[in-house]
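Okay, so here's the structure we're looking at.
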Amino acid sequence: MKNVDVESIRSKTNNKIGYYNFKEERKNRCKKLKHFYIALGIILIITIGTFTVNATTNNGIINLINKIIKVNNKETTAEIYEMPAQKIYNKCKCDYVITDFQKCIKYSPIIDYEGNESTICYPLDTEFDDIEIFYDKNNHFAGFHITGTKNGEAFDDYLKDSN
């Protein structure tokens, strides 16, 4: 028993344990890195796919996202959406007419009553730059100022209600 080198056995055992811990730590680090790359790849595929679909639909995704507009000089959101052709009643002609495809802005006034929404529609190829809606103190429509492009030409529509 006197020939047994305890220090050598202890040193070798510590080296084996240390090497085993090093290998396990390296495996865990590789697993974490692999999961990170997989998550990054999925995010990139979704992002690139969204841009590709948006480009093929002529910015359809971006145009349908809510847009910041001003109502009585306060920022709010409006829903911009495309409306298909439909049959509506025209009070001036006292008859039903068929509308074209349109791009519409749906918004609510600042003083919001339940179910109180307004809509303004433009031709389908319209791109809006700036939208401003005006209401009076009693929450009655008082006009709008909308700029953008339609039919390839810039427009600046301004309506001030005289009532």
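Residue numbers start at 1 in each chain; chains themselves are named A, B, ... in the order of the structure tokens; ligands are numbered from 1 in the order shown.
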> Where does DSSP see alpha helix (DSSP H) in region 9-97 of chain A, if you list the residues as a VMD selection string?
Replying inline: chain A and resid 9 to 56 60 to 64
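Interatomic distance, CA of Thr76 (chain A) against CA of Phe134 (chain A): 12.4 Å.
Of the residues listed (A:Asp125, A:Glu7, A:Asp130, A:Asp136), A:Asp125 shows the shortest atom-to-atom separation from Asn151 (chain A); distances use only C-alpha atoms.
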Sorted by chain and rising residue number, which residues of region 70-103 of chain A lie within 12 Å of region 137-150 of chain A, and what are their closest atom pairs and distances in Å to one decimal, counting only C-alpha atoms, as a tab-separated table?
```
residue	atom	partner	partner_atom	distance
A:Lys70	CA	A:His145	CA	9.7
A:Val71	CA	A:Phe144	CA	8.9
A:Asn72	CA	A:Ala142	CA	9.7
A:Asn73	CA	A:Phe144	CA	11.3
A:Gln102	CA	A:Lys150	CA	11.4
A:Lys103	CA	A:Lys150	CA	10.6
```
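Closest approach to Ile105 (chain A) among A:Glu127, A:Glu79, A:Glu25, A:Asp156 is made by A:Glu79 (distances from only C-alpha atoms).
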>> Just want the 10 Å neighbourhood of Lys106 (chain A), counted on only C-alpha atoms, with same-chain residues fewer than 4 positions away dropped. Output as a VMD selection string.
In response: chain A and resid 66 77 to 81 117 to 121
Export of prior selection with all heavy atoms as an mmCIF file, in the first residue's frame:
```cif
data_model
loop_
_atom_site.group_PDB
_atom_site.id
_atom_site.type_symbol
_atom_site.label_atom_id
_atom_site.label_comp_id
_atom_site.auth_asym_id
_atom_site.auth_seq_id
_atom_site.Cartn_x
_atom_site.Cartn_y
_atom_site.Cartn_z
ATOM 1 N N ASN A 66 -52.768 49.486 -41.163
ATOM 2 C CA ASN A 66 -53.309 50.760 -40.683
ATOM 3 C C ASN A 66 -52.321 51.887 -40.894
ATOM 4 O O ASN A 66 -51.128 51.709 -40.731
ATOM 5 C CB ASN A 66 -53.660 50.660 -39.198
ATOM 6 C CG ASN A 66 -54.869 49.812 -38.976
ATOM 7 O OD1 ASN A 66 -55.581 49.469 -39.907
ATOM 8 N ND2 ASN A 66 -55.131 49.466 -37.739
ATOM 9 N N THR A 77 -55.250 56.256 -35.996
ATOM 10 C CA THR A 77 -55.075 55.290 -37.085
ATOM 11 C C THR A 77 -56.343 55.185 -37.902
ATOM 12 O O THR A 77 -57.439 55.391 -37.410
ATOM 13 C CB THR A 77 -54.709 53.890 -36.547
ATOM 14 O OG1 THR A 77 -55.725 53.464 -35.655
ATOM 15 C CG2 THR A 77 -53.376 53.902 -35.848
ATOM 16 N N ALA A 78 -56.142 54.866 -39.165
ATOM 17 C CA ALA A 78 -57.264 54.623 -40.064
ATOM 18 C C ALA A 78 -57.001 53.314 -40.781
ATOM 19 O O ALA A 78 -55.861 52.954 -41.041
ATOM 20 C CB ALA A 78 -57.390 55.758 -41.077
ATOM 21 N N GLU A 79 -58.047 52.603 -41.095
ATOM 22 C CA GLU A 79 -57.915 51.360 -41.852
ATOM 23 C C GLU A 79 -58.040 51.701 -43.322
ATOM 24 O O GLU A 79 -59.024 52.301 -43.748
ATOM 25 C CB GLU A 79 -59.003 50.376 -41.438
ATOM 26 C CG GLU A 79 -58.935 49.063 -42.184
ATOM 27 C CD GLU A 79 -60.093 48.141 -41.844
ATOM 28 O OE1 GLU A 79 -60.871 48.466 -40.929
ATOM 29 O OE2 GLU A 79 -60.228 47.114 -42.506
ATOM 30 N N ILE A 80 -57.020 51.344 -44.102
ATOM 31 C CA ILE A 80 -57.063 51.555 -45.551
ATOM 32 C C ILE A 80 -57.234 50.175 -46.179
ATOM 33 O O ILE A 80 -56.441 49.275 -45.944
ATOM 34 C CB ILE A 80 -55.789 52.249 -46.045
ATOM 35 C CG1 ILE A 80 -55.698 53.628 -45.407
ATOM 36 C CG2 ILE A 80 -55.787 52.347 -47.561
ATOM 37 C CD1 ILE A 80 -54.462 54.395 -45.741
ATOM 38 N N TYR A 81 -58.294 50.017 -46.941
ATOM 39 C CA TYR A 81 -58.614 48.707 -47.495
ATOM 40 C C TYR A 81 -59.175 48.859 -48.908
ATOM 41 O O TYR A 81 -59.564 49.943 -49.323
ATOM 42 C CB TYR A 81 -59.625 47.979 -46.593
ATOM 43 C CG TYR A 81 -60.957 48.689 -46.477
ATOM 44 C CD1 TYR A 81 -62.027 48.332 -47.288
ATOM 45 C CD2 TYR A 81 -61.133 49.736 -45.580
ATOM 46 C CE1 TYR A 81 -63.239 48.996 -47.196
ATOM 47 C CE2 TYR A 81 -62.339 50.406 -45.482
ATOM 48 C CZ TYR A 81 -63.372 50.029 -46.292
ATOM 49 O OH TYR A 81 -64.584 50.688 -46.208
ATOM 50 N N GLU A 117 -68.277 55.416 -37.449
ATOM 51 C CA GLU A 117 -67.139 55.321 -38.354
ATOM 52 C C GLU A 117 -67.517 55.991 -39.662
ATOM 53 O O GLU A 117 -68.665 55.961 -40.073
ATOM 54 C CB GLU A 117 -66.757 53.869 -38.625
ATOM 55 C CG GLU A 117 -66.159 53.166 -37.437
ATOM 56 C CD GLU A 117 -65.740 51.750 -37.768
ATOM 57 O OE1 GLU A 117 -66.374 51.116 -38.626
ATOM 58 O OE2 GLU A 117 -64.783 51.292 -37.152
ATOM 59 N N SER A 118 -66.530 56.603 -40.285
ATOM 60 C CA SER A 118 -66.747 57.245 -41.573
ATOM 61 C C SER A 118 -65.814 56.629 -42.597
ATOM 62 O O SER A 118 -64.771 56.087 -42.256
ATOM 63 C CB SER A 118 -66.487 58.751 -41.468
ATOM 64 O OG SER A 118 -67.374 59.324 -40.543
ATOM 65 N N THR A 119 -66.196 56.746 -43.878
ATOM 66 C CA THR A 119 -65.409 56.176 -44.957
ATOM 67 C C THR A 119 -65.309 57.170 -46.103
ATOM 68 O O THR A 119 -66.290 57.800 -46.466
ATOM 69 C CB THR A 119 -66.055 54.868 -45.466
ATOM 70 O OG1 THR A 119 -66.219 53.984 -44.358
ATOM 71 C CG2 THR A 119 -65.214 54.205 -46.512
ATOM 72 N N ILE A 120 -64.098 57.284 -46.676
ATOM 73 C CA ILE A 120 -63.862 58.066 -47.879
ATOM 74 C C ILE A 120 -63.204 57.120 -48.873
ATOM 75 O O ILE A 120 -62.253 56.422 -48.525
ATOM 76 C CB ILE A 120 -62.933 59.269 -47.605
ATOM 77 C CG1 ILE A 120 -63.552 60.204 -46.571
ATOM 78 C CG2 ILE A 120 -62.621 60.010 -48.887
ATOM 79 C CD1 ILE A 120 -62.630 61.317 -46.128
ATOM 80 N N CYS A 121 -63.716 57.076 -50.119
ATOM 81 C CA CYS A 121 -63.189 56.145 -51.110
ATOM 82 C C CYS A 121 -62.592 56.878 -52.311
ATOM 83 O O CYS A 121 -63.082 57.940 -52.701
ATOM 84 C CB CYS A 121 -64.288 55.191 -51.581
ATOM 85 S SG CYS A 121 -64.839 54.065 -50.273
#
```
>> Going by DSSP on the backbone, which residues of region 4-98 of chain A come out as strand (DSSP E or B)? List them as a list in words.
In response: Lys67, Ile68, Ile69, Lys70, Val71, Lys74, Glu75, Thr76, Thr77, Ala78, Glu79, Ile80, Tyr81, Glu82, Met83, Lys87, Ile88, Tyr89, Asn90, Asp95, Tyr96, Val97 and Ile98 of chain A
